[in-house]
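Scroll down for the structure; my scribbles are underneath it.
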Number of protein chains: 4
Amino acid sequence: MKHTLLIHCKDEIGLIHNISNVLLLNKLNIVQNSEFVDNVNKQFFFRSEIKGDLSEKVILSNLKNVLPDNADISLIKERKKRIVVLGTKEHHCLGDLLLRDNYDTMNAEIQCVICNHPDLGELVNKFNIPFHSISAKDLDREVHESLVIEKLESYDFDFIVLAKYMRILTPSFVERYAGRIVNIHHSFLPAFIGANPYRQAFKRGVKIIGATAHFVTNDLDEGPIIKQDVININHTYSAKAMAKAGKDVERTVLSDALDLVFEDRVLINGNKTIIF
Amino acid sequence: MKHTLLIHCKDEIGLIHNISNVLLLNKLNIVQNSEFVDNVNKQFFFRSEIKGDLSEKVILSNLKNVLPDNADISLIKERKKRIVVLGTKEHHCLGDLLLRDNYDTMNAEIQCVICNHPDLGELVNKFNIPFHSISAKDLDREVHESLVIEKLESYDFDFIVLAKYMRILTPSFVERYAGRIVNIHHSFLPAFIGANPYRQAFKRGVKIIGATAHFVTNDLDEGPIIKQDVININHTYSAKAMAKAGKDVERTVLSDALDLVFEDRVLINGNKTIIF
Amino acid sequence: MKHTLLIHCKDEIGLIHNISNVLLLNKLNIVQNSEFVDNVNKQFFFRSEIKGDLSEKVILSNLKNVLPDNADISLIKERKKRIVVLGTKEHHCLGDLLLRDNYDTMNAEIQCVICNHPDLGELVNKFNIPFHSISAKDLDREVHESLVIEKLESYDFDFIVLAKYMRILTPSFVERYAGRIVNIHHSFLPAFIGANPYRQAFKRGVKIIGATAHFVTNDLDEGPIIKQDVININHTYSAKAMAKAGKDVERTVLSDALDLVFEDRVLINGNKTIIF
Amino acid sequence: MKHTLLIHCKDEIGLIHNISNVLLLNKLNIVQNSEFVDNVNKQFFFRSEIKGDLSEKVILSNLKNVLPDNADISLIKERKKRIVVLGTKEHHCLGDLLLRDNYDTMNAEIQCVICNHPDLGELVNKFNIPFHSISAKDLDREVHESLVIEKLESYDFDFIVLAKYMRILTPSFVERYAGRIVNIHHSFLPAFIGANPYRQAFKRGVKIIGATAHFVTNDLDEGPIIKQDVININHTYSAKAMAKAGKDVERTVLSDALDLVFEDRVLINGNKTIIF
């Protein structure tokens with residue numbers, strides 16, 4: 001039996017020793033430890049992969065006894081995450097996720113795909129995944145979103161993946177699923193926030209374009225960044241050519257970020273992430 | 001004898017043929033041609049390295065006859081560019097330029113180094129390059145700049161290189177040397193414009209930092225970009241650690257950009273560059 | 001009507017002028033020219049995208065008259081290439097090609113997929129592409145290959161793409177389709193030629209792994225390289241983890257190389273390529 | 001007072017707990033822990049930065065009591081490393097090291113520079129570092145090396161840096177300074193081992209070139225790799241142009257590798273490194 005232990009608390013002397021003592025007394029084997037101290041805010045972050053038979057209740061209680069008050073402790077049993085994918089019309093990120101789901105190469109299972117357009121249904125259906133098209137046409141943002149939530153809630157899921165979902169989520173949606181929504185933005189944030197980043201990049205004449213995967217918060221494109229990557233371009237690229245070239249980097253950045261998230265390697269520290 | 005021919009004009013049919021005809025009739029050998037058509041603005045850009053004995057006057061006159069009105073034509077005889085370097089206190093870009101100058105590995109010769117602080121004098125003196133410290137202390141921006149210009153103008157130079165010159169230039173300075181000032185900015189523009197980009201990057205929690213070499217215009221950090229590059233960072237980097245790690249990429253980006261500029265490979269197209 | 005003109009011949013003075021003269025006299029519009037002179041071997045390479053009504057016969061005849069003897073001239077009318085994909089069991093490169101084919105984002109159409117194992121049939125069938133499983137079990141290499149060729153030849157195709165085809169081709173196969181077979185090798189050639197490159201990389205303790213797309217010749221993994229890319233790894237990567245991480249770079253490198261090939265941007269120069 | 005603790009021993013349960021217990025009982029503060037288990041060879045590697053007053057003897061003795069037999073334990077007090085740089089004629093890596101030494105931006109101090117040619121003396125002298133030219137002309141390899149060793153041994157040093165030292169070291173030299181010699185090789189190892197890697201790269205037609213910093217062992221270019229990086233090239237690069245473009249990546253890779261070594265972040269695991 002394998003678990004991942006995540007801890008976030010105030011930094012103080014002896015934490016590692018106290019944690020390892022609990023694991024040792026419970027006869028658990030540590031596969032891998034990672035730790036980080038945010039020296040600015042005096043916060044301690046810890047991740048451990050542990051093997052062995054355990055009572056979650058006992059471990060959590062033991063850890064609580066030796067850690068500072070208000071320590072944030074998660075003991076996560078190894079299992080595939082359950083995800084819902086939201087999309088619009090672009091297929092490149094979704095297609096990759098469907099292939100990974102089909103060949104069982106990510107630590108997650110797609111429960112369903114929900115889009116505000118019907119176009120991607122044909123692709124999703126090939127992979128025998130439920131597809132729901134919920135048009136936003138003629139609907140208030142709140143009304144459309146309530147339909148999306150209703151559908152979402154009919155599934156059991158851990159994370160929502162925005163695979164080029166071209167709509168802005170309302171604050172209440174974001175709060176409802178805080179820390180559980182991953183988005184891929186087609187620029188190297190904080191450059192080119194908002195709409196049409198490739199057109200902005202073309203206009204500015206940059207020599208490199210990129211993509212950013214991040215958790216969604218209520219500040220547009222301002223959530224904690226998980227992963228970024230770039231590719232070189234030059235003056236011969238039109239905005240359209242940039243968009244074409246950028247698709248591969250978007251796909252890979254999202255896929256890499258999700259691997260980290262689904263293996264419980266990403267801790268949120270305010271507006272930043274810690275990647276273990 | 002080697003020349004570089006640069007042409008910028010309205011695009012129309014037959015330009016390549018007309019240009020190559022002039023070169024052929026003058027018995028010149030083309031070492032390398034490059035061309036680009038800006039389809040949005042219907043502009044034609046051309047660069048050719050040519051070998052052979054020539055009369056600049058004849059060639060320019062012949063070309064003018066076969067090119068559209070107002071064509072921008074430069075015929076540049078091969079020689080080392082003359083440059084003046086402006087700095088403040090940071091040595092990493094300047095040190096690299098001094099080494100390249102000393103070992104003759106760039107197509108330019110440093111005429112002098114002008115700084116608003118005296119600190120770098122010791123380094124510059126090692127390489128027997130004139131060093132001028134012009135303090136800005138207690139001076140109006142215009143007054144300080146007029147002293148810099150006075151010193152600058154006592155040298156014959158083609159380009160001004162801002163090697164981490166931490167002062168903002170006035171519009172009149174920028175206009176005076178339009179298209180001849182190259183700056184290195186320590187961020188991946190347009191991200192983190194202005195002061196303290198590494199502190200901004202730390203605060204934002206980005207996973208990649210970068211540097212940008214660009215021509216200076218009167219919009220801060222908005223001039224035509226010549227070269228950009230990035231390096232990966234992670235949550236363990238403080239703003240200071242980012243600044244340290246960034247120095248190598250700043251130095252290399254500036255150096256690569258200057259190689260392109262000094263070999264007459266960079267054409268300015270509005271707010272963008274074309275790199276041949 | 002759009003054509004791509006490719007020329008390879010002995011270098012001499014006036015070639016550009018002669019070629020552009022032919023195009024001008026035939027009232028053709030040049031969209032983009034590229035040229036390269038191999039100064040070691042005195043060879044001239046040229047590519048031009050041209051627009052306008054033309055008689056291929058006339059153009060080729062006119063060009064032949066003004067180019068050196070034995071010039072290699074191709075005038076390629078714009079159309080989707082036809083390709084056959086060969087695979088074994090790995091799905092990541094094939095899956096990407098199927099998605100690109102399905103969404104019409106590459107300049108090629110997959111005619112069929114031929115594998116030496118049946119496993120990938122389920123995936124290929126989702127996309128309504130003919131799938132042929134030709135087992136090599138208990139067969140001599142030549143016999144198996146003759147079955148593959150028989151199947152191949154039942155299709156009309158321009159290129160063969162080896163999308164992780166794990167068998168070595170015979171010299172007669174390679175010669176038959178010379179310059180028309182593109183392979184993806186899961187290492188940064190010439191490092192780790194041959195079998196199990198990730199295991200070799202793990203054993204060597206490298207800090208970067210990569211992938212190489214190349215034309216296939218009769219020297220194993222020694223054909224002209226079209227595209228290479230790398231990713232960073234570290235001591236925590238097992239050979240298996242490298243293989244997992246490497247799949248994305250394999251897929252992207254193959255896809256980028258094929259974009260170049262299918263747009264007639266790759267010229268072969270002995271054991272090297274010229275990419276226009 | 002700051003120390004770095006490095007441990008390498010057989011892996012077993014409870015090591016972290018035992019080590020942290022020793023540090024806690026000695027009232028030491030852990031700034032940063034890093035650990036790695038080589039699961040193939042069942043080896044445990046550990047690095048900790050610790051702060052506080054300590055008796056090295058007591059700590060080492062305490063640790064020995066709680067770690068497996070034959071554990072390799074180092075407790076390294078914070079101080080600048082002392083290094084000797086060996087070179088031949090190329091200045092780019094040496095120049096960078098001299099600048100870093102001059103501006104105190106690496107955790108090391110250059111004791112002297114020894115070259116088999118006199119050319120670099122002028123540069124080294126600018127920085128007031130002892131320079132020794134020891135010609136190998138007309139000398140047996142062993143005789144020349146004994147002169148180098150004699151000079152080396154007149155200095156107190158921790159590491160030898162081969163900054164483009166173009167001579168092969170004898171086995172006895174390598175053994176004498178085992179684990180203390182860092183070399184920069186101008187290729188992406190294991191590609192292009194040995195002489196003239198850029199010429200080899202040109203001949204092979206690769207699309208990326210690189211550099212590798214590694215510890216020197218008696219297998220040529222086969223020692224444990226510390227750092228590697230690459231840059232993109234294309235068909236227009238001659239071998240000479242590759243060499244020019246490669247100099248920056250050589251310099252940066254060596255510099256980054258040395259930063260890691262001088263901060264005691266590199267542990268050797270057979271033919272590989274672990275970078276903490």
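Chain labels follow the order of the structure tokens: the first chain is A, the next B, and so on; residue numbering restarts at 1 in every chain, and ligands are counted from 1 in their shown order.
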
Kindly provide, as a PyMOL selection string, the residues of chain B having any atom no farther than 10 Å from an atom of chain D, counting only C-alpha atoms. chain B and resi 90-92+95-96+99-100+102-103+105+123+125-127+244-245+248-249+251-252+255-256

Which residues are close to Val58 of chain B, i.e. within 12 Å by only C-alpha atoms, leaving aside same-chain residues fewer than 3 positions away? Reply as a ChimeraX atom specification. /B:22-23,25-26,53-55,61-65,75

Can you pull out the residues contacting Gln228 of chain C? Cut-off 12 Å, using only C-alpha atoms, and skip same-chain residues under 3 positions away; I want them as JSON, numbers by chain. {"C": [183, 184, 185, 186, 187, 188, 189, 190, 191, 209, 210, 211, 212, 213, 214, 224, 225, 231, 249, 250, 251, 252, 253, 254, 255, 256, 257], "D": [205, 206, 207, 208, 209, 230, 231, 232, 233, 234]}

Convert the current residue selection to file output with N, CA and C atoms, as a CSV table (one decimal), in the first residue's frame.
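And here's selection-v6.csv as it stands now:
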```
chain,number,residue,atom,x,y,z
C,183,ASN,N,12.3,8.4,-40.2
C,183,ASN,CA,12.3,7.6,-39.0
C,183,ASN,C,12.4,8.6,-37.8
C,184,ILE,N,11.9,8.1,-36.6
C,184,ILE,CA,12.1,8.8,-35.4
C,184,ILE,C,13.0,7.9,-34.5
C,185,HIS,N,14.1,8.4,-34.1
C,185,HIS,CA,15.0,7.6,-33.2
C,185,HIS,C,15.0,8.3,-31.8
C,186,HIS,N,14.8,7.5,-30.8
C,186,HIS,CA,14.6,8.0,-29.5
C,186,HIS,C,16.0,8.3,-28.8
C,187,SER,N,16.8,9.0,-29.5
C,187,SER,CA,18.0,9.5,-28.8
C,187,SER,C,18.5,10.7,-29.6
C,188,PHE,N,19.4,11.4,-29.0
C,188,PHE,CA,20.0,12.6,-29.6
C,188,PHE,C,21.2,12.0,-30.4
C,189,LEU,N,21.0,11.7,-31.7
C,189,LEU,CA,22.1,11.1,-32.5
C,189,LEU,C,23.2,12.1,-32.7
C,190,PRO,N,24.4,11.6,-32.8
C,190,PRO,CA,24.9,10.3,-32.9
C,190,PRO,C,25.1,9.6,-31.5
C,191,ALA,N,24.6,10.2,-30.4
C,191,ALA,CA,24.6,9.5,-29.2
C,191,ALA,C,23.6,8.3,-29.1
C,209,ILE,N,18.3,14.2,-22.5
C,209,ILE,CA,18.0,13.2,-23.5
C,209,ILE,C,17.3,13.8,-24.6
C,210,GLY,N,17.2,13.1,-25.8
C,210,GLY,CA,16.6,13.8,-26.9
C,210,GLY,C,16.1,12.8,-27.9
C,211,ALA,N,15.7,13.3,-29.0
C,211,ALA,CA,15.1,12.5,-30.1
C,211,ALA,C,15.6,13.1,-31.5
C,212,THR,N,15.6,12.3,-32.5
C,212,THR,CA,16.1,12.7,-33.8
C,212,THR,C,15.2,12.1,-34.9
C,213,ALA,N,14.8,13.0,-35.8
C,213,ALA,CA,14.0,12.5,-36.9
C,213,ALA,C,15.0,12.6,-38.1
C,214,HIS,N,15.0,11.5,-38.9
C,214,HIS,CA,16.0,11.5,-40.0
C,214,HIS,C,15.5,10.6,-41.2
C,224,PRO,N,20.5,11.2,-43.1
C,224,PRO,CA,20.4,12.7,-42.9
C,224,PRO,C,19.4,13.1,-41.9
C,225,ILE,N,19.9,13.9,-40.9
C,225,ILE,CA,19.1,14.4,-39.8
C,225,ILE,C,18.2,15.6,-40.2
C,231,ILE,N,15.4,17.2,-23.9
C,231,ILE,CA,14.8,17.7,-22.6
C,231,ILE,C,15.8,17.4,-21.5
C,249,VAL,N,9.0,14.4,-26.6
C,249,VAL,CA,9.9,15.0,-27.5
C,249,VAL,C,10.0,14.2,-28.8
C,250,GLU,N,9.9,12.9,-28.7
C,250,GLU,CA,9.9,12.0,-29.9
C,250,GLU,C,8.7,12.5,-30.8
C,251,ARG,N,7.6,12.6,-30.2
C,251,ARG,CA,6.4,12.9,-30.9
C,251,ARG,C,6.5,14.3,-31.6
C,252,THR,N,7.0,15.3,-30.8
C,252,THR,CA,7.1,16.6,-31.4
C,252,THR,C,8.2,16.7,-32.4
C,253,VAL,N,9.3,16.0,-32.2
C,253,VAL,CA,10.4,16.1,-33.2
C,253,VAL,C,9.9,15.4,-34.5
C,254,LEU,N,9.2,14.3,-34.4
C,254,LEU,CA,8.7,13.6,-35.6
C,254,LEU,C,7.7,14.5,-36.3
C,255,SER,N,6.8,15.1,-35.6
C,255,SER,CA,5.8,15.9,-36.2
C,255,SER,C,6.4,17.1,-36.8
C,256,ASP,N,7.3,17.8,-36.2
C,256,ASP,CA,8.0,19.0,-36.8
C,256,ASP,C,8.7,18.6,-38.1
C,257,ALA,N,9.4,17.5,-38.0
C,257,ALA,CA,10.2,17.0,-39.2
C,257,ALA,C,9.3,16.7,-40.3
D,205,GLY,N,26.2,16.4,-39.7
D,205,GLY,CA,25.0,17.2,-40.0
D,205,GLY,C,24.0,17.2,-38.9
D,206,VAL,N,24.4,17.3,-37.7
D,206,VAL,CA,23.5,17.4,-36.6
D,206,VAL,C,22.8,18.8,-36.6
D,207,LYS,N,21.7,18.9,-35.9
D,207,LYS,CA,20.9,20.1,-35.8
D,207,LYS,C,21.0,20.8,-34.5
D,208,ILE,N,21.8,20.2,-33.6
D,208,ILE,CA,22.0,20.7,-32.2
D,208,ILE,C,23.4,20.4,-31.8
D,209,ILE,N,24.1,21.3,-31.2
D,209,ILE,CA,25.4,21.0,-30.7
D,209,ILE,C,25.4,21.3,-29.2
D,230,VAL,N,22.7,22.5,-24.7
D,230,VAL,CA,22.8,22.5,-26.1
D,230,VAL,C,22.3,23.8,-26.7
D,231,ILE,N,22.7,24.0,-28.0
D,231,ILE,CA,22.1,25.1,-28.8
D,231,ILE,C,21.7,24.6,-30.2
D,232,ASN,N,20.8,25.2,-30.8
D,232,ASN,CA,20.3,24.8,-32.1
D,232,ASN,C,21.3,25.4,-33.2
D,233,ILE,N,21.6,24.6,-34.2
D,233,ILE,CA,22.3,25.1,-35.3
D,233,ILE,C,21.6,24.6,-36.6
D,234,ASN,N,22.1,25.0,-37.7
D,234,ASN,CA,21.4,24.6,-39.0
D,234,ASN,C,22.5,24.4,-40.1
```

Residues within 7 Å of segment 2-11 of chain D, please, as a list in words. Count only C-alpha atoms; anything in the same chain fewer than 4 positions from it doesn't count.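 Residues meeting the cut-off are Val37, Lys42, Gln43, Phe44, Phe45, Phe46, Arg47, Ser48, Glu49, Ile50, Lys51, Gly52, Pro68, Asn70, Ala71, Asp72, Ile73, Ser74, Leu75, Ile76, Lys77 and Glu78 of chain D.
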
Neighbour list for Phe262 of chain A as a compact mmCIF listing (two decimals) with all heavy atoms, in the first residue's frame, cut-off 7 Å, only C-alpha atoms, skip fewer than 5 positions in-chain:
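Done, and the output landed in around_22.txt:
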```txt
# COMPACT_ATOMS: atom_id res chain seq x y z
N LYS A 81 -6.58 9.60 -10.14
CA LYS A 81 -7.46 10.73 -9.93
C LYS A 81 -8.63 10.62 -10.91
O LYS A 81 -8.51 10.03 -11.99
CB LYS A 81 -6.74 12.06 -10.18
CG LYS A 81 -5.45 12.22 -9.42
CD LYS A 81 -5.63 12.14 -7.94
CE LYS A 81 -4.31 12.37 -7.22
NZ LYS A 81 -4.34 11.89 -5.83
N ASN A 107 -1.91 9.41 -14.45
CA ASN A 107 -2.48 8.92 -13.19
C ASN A 107 -3.87 9.53 -12.98
O ASN A 107 -4.16 10.10 -11.92
CB ASN A 107 -1.54 9.28 -12.03
CG ASN A 107 -1.94 8.58 -10.75
OD1 ASN A 107 -2.49 7.48 -10.79
ND2 ASN A 107 -1.68 9.22 -9.61
N ALA A 108 -4.70 9.39 -14.00
CA ALA A 108 -6.05 9.96 -13.92
C ALA A 108 -6.94 9.28 -14.94
O ALA A 108 -6.47 8.75 -15.95
CB ALA A 108 -6.02 11.47 -14.17
```

Would you list, as a count of residues only, the residues of segment 127-199 of chain C that end up in alpha helix (DSSP H) under DSSP run on this structure's backbone? 22

Contacts of segment 132-146 of chain B within 9 Å, only C-alpha atoms, excl. fewer than 5 positions in-chain, as a VMD selection string: chain B and resid 112 to 121 151 168 to 170 173

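Proximity ranking of A:Thr88, A:Asn128, A:Asn196, A:Asn21 relative to Lys240 of chain A places A:Asn196 first, based on only C-alpha atoms.
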
Write out as number ranges by chain each polymer residue whose atoms come within 9 Å of Thr217 of chain B, counting only C-alpha atoms; drop sequence neighbours fewer than 3 positions from it. B: 171, 174-175, 178-179, 181, 220-224

Could you dump the residues just selected with N, CA, C and O atoms as a PDB file, in the first residue's frame?
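What ended up in result-v5.pdb:
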```
ATOM      1  N   PRO B 171      13.948  61.290 -24.485  1.00  0.00           N
ATOM      2  CA  PRO B 171      13.528  61.174 -25.887  1.00  0.00           C
ATOM      3  C   PRO B 171      14.507  61.817 -26.852  1.00  0.00           C
ATOM      4  O   PRO B 171      14.752  61.283 -27.934  1.00  0.00           O
ATOM      5  N   VAL B 174      17.403  59.448 -27.417  1.00  0.00           N
ATOM      6  CA  VAL B 174      16.987  58.284 -28.209  1.00  0.00           C
ATOM      7  C   VAL B 174      16.808  58.674 -29.680  1.00  0.00           C
ATOM      8  O   VAL B 174      17.236  57.947 -30.583  1.00  0.00           O
ATOM      9  N   GLU B 175      16.208  59.812 -29.912  1.00  0.00           N
ATOM     10  CA  GLU B 175      16.003  60.242 -31.302  1.00  0.00           C
ATOM     11  C   GLU B 175      17.322  60.533 -32.003  1.00  0.00           C
ATOM     12  O   GLU B 175      17.505  60.224 -33.171  1.00  0.00           O
ATOM     13  N   ALA B 178      18.782  57.211 -33.077  1.00  0.00           N
ATOM     14  CA  ALA B 178      17.722  56.251 -33.436  1.00  0.00           C
ATOM     15  C   ALA B 178      18.277  55.057 -34.210  1.00  0.00           C
ATOM     16  O   ALA B 178      19.034  55.222 -35.164  1.00  0.00           O
ATOM     17  N   GLY B 179      17.884  53.856 -33.816  1.00  0.00           N
ATOM     18  CA  GLY B 179      18.319  52.643 -34.502  1.00  0.00           C
ATOM     19  C   GLY B 179      19.764  52.283 -34.237  1.00  0.00           C
ATOM     20  O   GLY B 179      20.296  51.364 -34.852  1.00  0.00           O
ATOM     21  N   ILE B 181      21.063  52.305 -30.805  1.00  0.00           N
ATOM     22  CA  ILE B 181      21.244  51.981 -29.386  1.00  0.00           C
ATOM     23  C   ILE B 181      20.667  50.601 -29.105  1.00  0.00           C
ATOM     24  O   ILE B 181      19.486  50.341 -29.345  1.00  0.00           O
ATOM     25  N   LEU B 220       9.440  52.722 -23.027  1.00  0.00           N
ATOM     26  CA  LEU B 220      10.316  51.947 -22.145  1.00  0.00           C
ATOM     27  C   LEU B 220      10.193  50.443 -22.415  1.00  0.00           C
ATOM     28  O   LEU B 220       9.114  49.870 -22.300  1.00  0.00           O
ATOM     29  N   ASP B 221      11.295  49.824 -22.729  1.00  0.00           N
ATOM     30  CA  ASP B 221      11.347  48.379 -22.956  1.00  0.00           C
ATOM     31  C   ASP B 221      10.399  47.922 -24.067  1.00  0.00           C
ATOM     32  O   ASP B 221       9.968  46.772 -24.086  1.00  0.00           O
ATOM     33  N   GLU B 222      10.063  48.836 -24.983  1.00  0.00           N
ATOM     34  CA  GLU B 222       9.121  48.495 -26.051  1.00  0.00           C
ATOM     35  C   GLU B 222       9.768  48.518 -27.429  1.00  0.00           C
ATOM     36  O   GLU B 222       9.081  48.379 -28.433  1.00  0.00           O
ATOM     37  N   GLY B 223      11.067  48.731 -27.510  1.00  0.00           N
ATOM     38  CA  GLY B 223      11.728  48.813 -28.802  1.00  0.00           C
ATOM     39  C   GLY B 223      11.795  47.471 -29.511  1.00  0.00           C
ATOM     40  O   GLY B 223      11.529  46.425 -28.916  1.00  0.00           O
ATOM     41  N   PRO B 224      12.173  47.497 -30.802  1.00  0.00           N
ATOM     42  CA  PRO B 224      12.240  46.270 -31.597  1.00  0.00           C
ATOM     43  C   PRO B 224      13.167  45.232 -30.971  1.00  0.00           C
ATOM     44  O   PRO B 224      14.329  45.516 -30.686  1.00  0.00           O
TER      45      PRO B 224
END
```

Can you measure atom CA of Asn271 of chain A to atom CA of Glu109 of chain A for me? One decimal in Å is fine. 27.5 Å

Among segment 74-156 of chain A, which ones does DSSP place in strand (DSSP E), written as a VMD selection string? chain A and resid 74 to 77 81 to 87 108 to 115 131 to 133

Atom CA of Arg79 of chain A and atom CA of Phe157 of chain A, how far apart in Å? 12.5 Å

Atom CA of Leu258 of chain A to atom CA of Leu94 of chain A, straight-line distance in Å: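 Value for the atom CA of Leu94 of chain A-atom CA of Leu258 of chain A distance: 12.6 Å.
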